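Shown here: work-v2.tsv, TSV, C-alpha atoms.
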chain	number	residue	atom	x	y	z
A	184	MET	CA	-4.08	1.64	13.61
A	185	ASP	CA	-7.46	1.99	11.95
A	186	ILE	CA	-7.75	4.05	8.77
A	187	THR	CA	-10.85	6.24	8.72
A	188	SER	CA	-12.05	9.45	7.11
A	189	SER	CA	-10.44	11.37	9.97
A	190	SER	CA	-7.01	9.73	9.60
A	191	THR	CA	-4.30	12.22	8.66
A	192	ILE	CA	-1.39	10.56	6.87
A	193	ILE	CA	1.75	12.16	5.41
A	194	VAL	CA	3.22	10.47	2.33
A	195	THR	CA	6.60	11.75	1.13
A	196	GLY	CA	7.67	11.21	-2.45
A	197	ALA	CA	3.97	11.22	-3.31
A	198	SER	CA	4.28	12.53	-6.87
A	199	SER	CA	5.21	9.22	-8.51
A	200	GLY	CA	5.87	5.51	-8.11
A	201	ILE	CA	5.29	3.87	-4.75
A	202	GLY	CA	4.41	7.14	-3.03
A	203	ARG	CA	1.75	8.03	-5.57
A	204	ALA	CA	0.24	4.53	-5.50
A	205	THR	CA	0.14	4.66	-1.68
A	206	ALA	CA	-1.52	8.06	-1.66
A	207	GLU	CA	-4.14	6.86	-4.13
A	208	LEU	CA	-4.86	3.76	-2.08
A	209	LEU	CA	-5.23	5.80	1.11
A	210	GLY	CA	-7.45	8.20	-0.79
A	211	GLU	CA	-9.71	5.30	-1.76
A	212	ALA	CA	-9.92	4.54	1.96
A	213	HIS	CA	-11.08	8.18	2.48
A	214	ALA	CA	-8.06	9.14	4.60
A	215	ARG	CA	-6.85	12.73	4.62
A	216	VAL	CA	-3.56	12.41	2.77
A	217	ILE	CA	-0.81	15.03	3.00
A	218	LEU	CA	1.02	14.79	-0.32
A	219	ALA	CA	4.69	15.78	-0.10
A	220	SER	CA	7.13	16.05	-3.01
A	221	ARG	CA	9.32	18.56	-4.83
A	222	ASN	CA	7.23	18.14	-8.02
A	223	ARG	CA	4.56	20.84	-7.73
A	224	SER	CA	2.66	20.04	-10.94
A	225	ALA	CA	2.42	16.32	-10.19
A	226	LEU	CA	1.30	17.04	-6.61
A	227	GLU	CA	-1.39	19.45	-7.75
A	228	GLU	CA	-2.69	16.94	-10.29
A	229	LEU	CA	-2.89	14.21	-7.66
A	230	HIS	CA	-4.40	16.55	-5.08
A	231	ALA	CA	-7.20	17.40	-7.52
A	232	ARG	CA	-8.13	13.72	-7.72
A	233	LEU	CA	-8.01	12.95	-3.99
A	234	PRO	CA	-10.80	14.64	-2.00
A	235	GLY	CA	-9.68	15.82	1.42
A	236	SER	CA	-5.98	15.72	0.54
A	237	MET	CA	-3.42	18.50	0.91
A	238	ALA	CA	-0.45	19.11	-1.40
A	239	VAL	CA	2.69	20.53	0.21
A	240	VAL	CA	5.75	21.08	-1.97
A	241	THR	CA	8.52	19.67	0.20
A	242	ASP	CA	12.28	19.24	-0.12
A	243	MET	CA	13.20	16.29	2.09
A	244	THR	CA	16.82	17.47	2.21
A	245	ASP	CA	15.78	20.77	3.82
A	246	ALA	CA	14.94	20.68	7.54
A	247	SER	CA	12.87	23.87	7.35
A	248	SER	CA	10.82	22.44	4.47
A	249	ILE	CA	10.08	19.29	6.49
A	250	HIS	CA	9.14	21.38	9.52
A	251	ASP	CA	6.74	23.39	7.33
A	252	LEU	CA	5.19	20.17	5.98
A	253	VAL	CA	4.32	18.92	9.46
A	254	ALA	CA	3.27	22.35	10.72
A	255	ARG	CA	0.84	22.76	7.81
A	256	ALA	CA	-0.62	19.31	8.40
A	257	ILE	CA	-1.17	20.09	12.08
A	258	GLY	CA	-2.54	23.53	11.28
A	259	GLU	CA	-5.09	22.12	8.84
A	260	PHE	CA	-6.13	18.89	10.56
A	261	GLY	CA	-4.96	19.20	14.18
A	262	HIS	CA	-3.20	15.85	14.38
A	263	ILE	CA	-1.04	13.37	12.45
A	264	ASP	CA	-1.88	9.69	12.61
A	265	ALA	CA	0.80	8.32	10.32
A	266	LEU	CA	3.97	9.17	8.42
A	267	ILE	CA	5.14	7.23	5.38
A	268	ASN	CA	8.78	8.04	4.63
A	269	ASN	CA	9.00	7.05	0.99
A	270	ALA	CA	11.04	9.77	-0.74
A	271	GLY	CA	14.45	8.50	-1.79
A	272	GLN	CA	16.98	8.20	-4.58
A	273	GLY	CA	19.40	5.54	-5.79
A	274	LEU	CA	23.17	5.53	-6.12
A	275	HIS	CA	24.29	2.59	-8.22
A	276	THR	CA	28.08	2.91	-8.41
A	277	PRO	CA	30.96	0.56	-7.50
A	278	ILE	CA	32.67	1.46	-4.22
A	279	GLU	CA	35.87	2.68	-5.85
A	280	ALA	CA	33.93	5.09	-8.06
A	281	ILE	CA	31.54	6.61	-5.48
A	282	ASP	CA	31.79	10.39	-5.36
A	283	PRO	CA	31.72	11.30	-1.64
A	284	ASP	CA	29.50	14.29	-2.45
A	285	ASP	CA	26.98	11.95	-4.09
A	286	LEU	CA	27.03	9.72	-1.02
A	287	ARG	CA	26.46	12.72	1.26
A	288	ALA	CA	23.52	13.80	-0.91
A	289	ILE	CA	21.99	10.31	-0.82
A	290	PHE	CA	22.33	10.15	2.96
A	291	GLU	CA	20.67	13.58	3.25
A	292	LEU	CA	17.62	12.35	1.33
A	293	ASN	CA	17.46	8.67	2.36
A	294	VAL	CA	18.45	8.98	6.02
A	295	ILE	CA	18.56	12.52	7.40
A	296	GLY	CA	15.26	13.56	5.78
A	297	PRO	CA	13.31	10.62	7.22
A	298	LEU	CA	14.97	11.17	10.59
A	299	ILE	CA	13.89	14.82	10.71
A	300	ALA	CA	10.38	13.87	9.58
A	301	MET	CA	10.15	11.36	12.44
A	302	GLN	CA	11.44	13.95	14.89
A	303	GLU	CA	8.79	16.42	13.70
A	304	VAL	CA	5.81	14.06	14.01
A	305	LEU	CA	6.76	12.13	17.14
A	306	PRO	CA	5.86	14.83	19.71
A	307	HIS	CA	2.36	15.04	18.22
A	308	MET	CA	1.99	11.26	18.19
A	309	ARG	CA	3.28	10.93	21.74
A	310	SER	CA	0.79	13.49	23.01
A	311	ALA	CA	-1.99	11.50	21.34
A	312	HIS	CA	-0.58	8.13	22.51
A	313	HIS	CA	-1.17	6.93	18.99
A	314	GLY	CA	0.61	6.81	15.64
A	315	ALA	CA	2.29	4.81	12.92
A	316	ILE	CA	5.47	5.39	10.95
A	317	VAL	CA	6.36	3.32	7.90
A	318	ASN	CA	9.85	3.73	6.48
A	319	ILE	CA	10.62	2.41	3.01
A	320	SER	CA	13.90	0.51	3.04
A	321	SER	CA	15.35	-1.66	0.26
A	322	GLY	CA	15.97	-5.32	-0.46
A	323	THR	CA	19.59	-4.36	-1.17
A	324	THR	CA	20.13	-4.27	2.61
A	325	ARG	CA	19.37	-7.99	2.76
A	326	MET	CA	22.02	-9.09	0.25
A	327	ILE	CA	25.63	-8.40	-0.70
A	328	PRO	CA	24.93	-5.30	-2.78
A	329	ALA	CA	27.78	-5.29	-5.34
A	330	GLY	CA	27.43	-2.10	-7.33
A	331	PHE	CA	24.80	-0.74	-4.95
A	332	GLY	CA	26.89	-0.33	-1.79
A	333	GLY	CA	26.39	3.41	-1.28
A	334	TYR	CA	22.64	3.22	-1.71
A	335	ALA	CA	22.35	0.08	0.44
A	336	ALA	CA	24.43	1.77	3.17
A	337	SER	CA	21.96	4.65	3.32
A	338	LYS	CA	19.01	2.28	3.62
A	339	ALA	CA	20.84	0.17	6.23
A	340	ALA	CA	21.25	3.33	8.29
A	341	LEU	CA	17.52	4.00	7.92
A	342	ASN	CA	16.84	0.44	9.09
A	343	MET	CA	18.78	0.96	12.30
A	344	LEU	CA	17.09	4.29	13.03
A	345	SER	CA	13.71	2.66	12.42
A	346	GLN	CA	14.42	-0.29	14.69
A	347	ALA	CA	15.64	2.01	17.47
A	348	ALA	CA	12.60	4.26	17.05
A	349	ARG	CA	10.28	1.25	17.26
A	350	ALA	CA	11.81	0.24	20.60
A	351	GLU	CA	11.76	3.81	21.94
A	352	CYS	CA	8.18	4.58	20.89
A	353	ALA	CA	6.33	1.34	21.63
A	354	ALA	CA	5.28	2.39	25.12
A	355	ASP	CA	3.54	5.45	23.65
A	356	GLY	CA	1.41	3.43	21.27
A	357	ILE	CA	3.47	4.34	18.20
A	358	ALA	CA	4.42	1.57	15.75
A	359	VAL	CA	7.44	1.99	13.47
A	360	SER	CA	7.59	-0.44	10.57
A	361	LEU	CA	9.95	-1.15	7.67
A	362	ILE	CA	9.05	-2.20	4.13
A	363	TYR	CA	11.70	-3.93	2.02
A	364	PRO	CA	10.89	-3.67	-1.71
A	365	PHE	CA	13.37	-5.36	-4.06
A	366	LEU	CA	12.51	-4.48	-7.68
A	367	THR	CA	9.49	-2.30	-8.38
A	368	ARG	CA	8.10	-1.17	-11.73
A	369	THR	CA	8.75	2.55	-11.29
A	370	HIS	CA	11.12	5.18	-12.72
A	371	PHE	CA	13.46	4.76	-9.73
A	372	HIS	CA	16.29	3.31	-11.83
A	373	GLU	CA	15.96	6.15	-14.30
A	374	ASN	CA	16.65	8.77	-11.62
A	375	LEU	CA	19.97	7.73	-10.12
A	376	LEU	CA	22.50	10.18	-8.71
A	377	ARG	CA	25.97	10.21	-10.25
A	378	ASN	CA	28.55	13.00	-10.15
A	379	GLY	CA	26.02	15.43	-8.78
A	380	SER	CA	23.43	14.94	-11.52
A	381	VAL	CA	20.52	12.61	-12.22
A	382	GLN	CA	21.29	9.88	-14.72
A	383	SER	CA	19.44	6.89	-16.11
A	384	ARG	CA	21.01	3.45	-15.74
A	385	GLY	CA	19.14	0.25	-16.39
A	386	ALA	CA	15.76	1.79	-17.18
A	387	GLY	CA	14.42	-1.69	-17.87
A	388	LEU	CA	15.98	-3.24	-14.76
A	389	ALA	CA	12.73	-3.35	-12.81
A	390	ALA	CA	10.52	-4.54	-15.67
A	391	ALA	CA	9.94	-7.88	-13.94
A	392	GLY	CA	9.49	-6.37	-10.49
A	393	HIS	CA	6.39	-5.77	-8.41
A	394	SER	CA	3.93	-3.05	-9.30
A	395	PRO	CA	3.93	0.10	-7.15
A	396	GLU	CA	0.32	-0.74	-6.27
A	397	PHE	CA	1.45	-4.06	-4.78
A	398	VAL	CA	4.03	-2.29	-2.60
A	399	ALA	CA	1.44	0.33	-1.63
A	400	ARG	CA	-0.97	-2.33	-0.40
A	401	HIS	CA	1.75	-3.72	1.85
A	402	ILE	CA	2.46	-0.23	3.18
A	403	VAL	CA	-1.21	0.04	4.11
A	404	ARG	CA	-0.94	-3.43	5.63
A	405	ALA	CA	1.90	-2.14	7.85
A	406	LEU	CA	-0.24	0.81	8.93
A	407	LEU	CA	-3.07	-1.53	9.86
A	408	THR	CA	-1.03	-4.18	11.65
A	409	GLY	CA	1.96	-2.26	13.01
A	410	GLU	CA	4.18	-5.25	12.27
A	411	THR	CA	7.94	-4.81	12.49
A	412	ASP	CA	8.86	-5.39	8.85
A	413	ILE	CA	7.55	-6.70	5.56
A	414	VAL	CA	9.94	-8.19	3.02
A	415	LEU	CA	8.62	-8.20	-0.55
A	416	THR	CA	10.56	-11.18	-1.85
A	417	PRO	CA	11.22	-11.09	-5.61
A	418	GLY	CA	8.96	-13.37	-7.57
A	419	THR	CA	6.10	-13.31	-5.07
A	420	PRO	CA	2.94	-13.36	-7.21
A	421	GLU	CA	0.88	-10.26	-6.64
A	422	ALA	CA	-2.28	-12.34	-6.60
A	423	GLU	CA	-1.14	-13.89	-3.30
A	424	LEU	CA	-1.81	-10.67	-1.39
A	425	PRO	CA	-4.90	-11.35	0.77
A	426	ALA	CA	-7.98	-9.41	-0.32
A	427	SER	CA	-8.39	-8.06	3.23
A	428	TRP	CA	-5.38	-5.82	2.64
A	429	ASN	CA	-6.71	-3.94	-0.37
A	430	ALA	CA	-8.35	-0.53	-0.28
A	431	SER	CA	-11.93	-1.74	-0.44
A	432	ALA	CA	-11.45	-3.53	2.88
A	433	VAL	CA	-9.52	-0.71	4.54

Could you write out this file's structure as structure tokens?
Amino acid sequence: MDITSSSTIIVTGASSGIGRATAELLGEAHARVILASRNRSALEELHARLPGSMAVVTDMTDASSIHDLVARAIGEFGHIDALINNAGQGLHTPIEAIDPDDLRAIFELNVIGPLIAMQEVLPHMRSAHHGAIVNISSGTTRMIPAGFGGYAASKAALNMLSQAARAECAADGIAVSLIYPFLTRTHFHENLLRNGSVQSRGAGLAAAGHSPEFVARHIVRALLTGETDIVLTPGTPEAELPASWNASAV
């Protein structure tokens, strides 16, 4: 798809990390960005800096909240060109210690939420014969994830839904893509779920990872190209990203 000043793009988890960097990059490209997150103050601050954006406080574990997000986007702009399913949370616990309630909560946010978001936008995209969906997976699904099994399982489920959606939607001009970040320099590892509460484990774990801006530029790349998946292999120098993929060229 092309990204223009009339492009309407939903970004979930937009208040921080990869989601925030993606929203900022799309804002530089003059797209109309729908900012979705539970963090009202962070959304309002970002909204104030991105002309043409809309901030919608959204709980991605609540179907009615997701429905409201899409309905407000359609009500304001009349169409949705792209959805970036970025909101998610980690669960870094050995298999024998996983609390089933924690696993259910992670699946609600990492799998069911993105599924409902896709279900909400697809009728609008089908009627327009146009659209792009980018789902943020994880490099843990491409390894033996000792200690990360519950989280990796949720992202593996998202992978399968994404691949099926790509096959089902291709004839309608809708591209569904997957991004596989490995380590990213965000607060992700400081907001892990354990025993029903958020805990920090390995806050410095991602110190050597990619910047959220690097991941964001590949998300925009997926929007532009519609390619099936992009794997952000650890150690890839950020300078190797072609200049044609940055915001100034979008």

So the first atom is CA of Arg404 in chain A and the second is CA of Thr419 in chain A; what is the distance between them in Å, to one decimal place?
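Rounded to one decimal, the two atoms are 16.2 Å apart.
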
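Here CA of Ser189 in chain A stands at a distance of 21.5 Å from CA of Glu227 in chain A.
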
Rounded to one decimal place, report the CA of Asp282 in chain A-CA of Gly330 in chain A distance in Å.
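So the answer is 13.4 Å.
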
May I have the protein, DNA and RNA residues with any atom at most 12 Å from the point (6.2, -11.2, -5.1), counting all atoms listed in the file, written as a list in words?
Tyr363, Pro364, Phe365, Leu366, Thr367, Ala391, Gly392, His393, Ser394, Pro395, Phe397, Val398, His401, Ile413, Val414, Leu415, Thr416, Pro417, Gly418, Thr419, Pro420, Glu421, Ala422, Glu423 and Leu424 of chain A

Taking 2 positions as the minimum chain separation for residues in the same chain, which residues sit within 12 Å of Ile281 in chain A when counting only C-alpha atoms? Answer as a ChimeraX atom specification.
/A:274-279,283-289,330-334,376-379

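Counting only C-alpha atoms, the residue from A:Arg400, A:Arg215, A:Arg325, A:Arg203 that sits nearest to Glu228 in chain A is A:Arg203.
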
With only C-alpha atoms as the atoms that count, which of A:Pro328, A:Gly200, A:Gly322, A:Gly356 lies nearest to Leu305 in chain A?
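For Leu305 in chain A, the nearest of the given residues is A:Gly356.
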
Of the listed residues A:Arg232, A:Arg255, A:His262, A:Arg221, that which approaches Pro306 in chain A most closely, counting all atoms listed in the file:
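Smallest separation from Pro306 in chain A among the options: A:His262.
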
Quick one: of A:Leu406, A:Ala339, A:Cys352, A:Val253, who's nearest to Leu218 in chain A, counting all atoms listed in the file?
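Result for the nearest residue to Leu218 in chain A: A:Val253.
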
Centre and edges of the range 193-198 of chain A box, axis-aligned, 8 Å extra per side, as AutoDock Vina command-line options:
--center_x 4.7 --center_y 11.5 --center_z -0.7 --size_x 21.9 --size_y 18.1 --size_z 28.3

Between A:Gln346, A:Thr244, A:Ser236, A:Ser198, which is the closest to Arg223 in chain A once you count all atoms listed in the file?
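Ranked by minimum distance to Arg223 in chain A, first place goes to A:Ser198.
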
Counting only C-alpha atoms, closest pick from A:Ala354, A:Leu252, A:Val216, A:Ile201 relative to Gly314 in chain A is A:Ala354

Give me, as a VMD selection string, all polymer residues having an atom no more than 12 Å from Ser224 in chain A, counting all atoms listed in the file and skipping those fewer than 2 positions away in the same chain.
chain A and resid 197 to 199 218 to 222 226 to 231 238 to 240
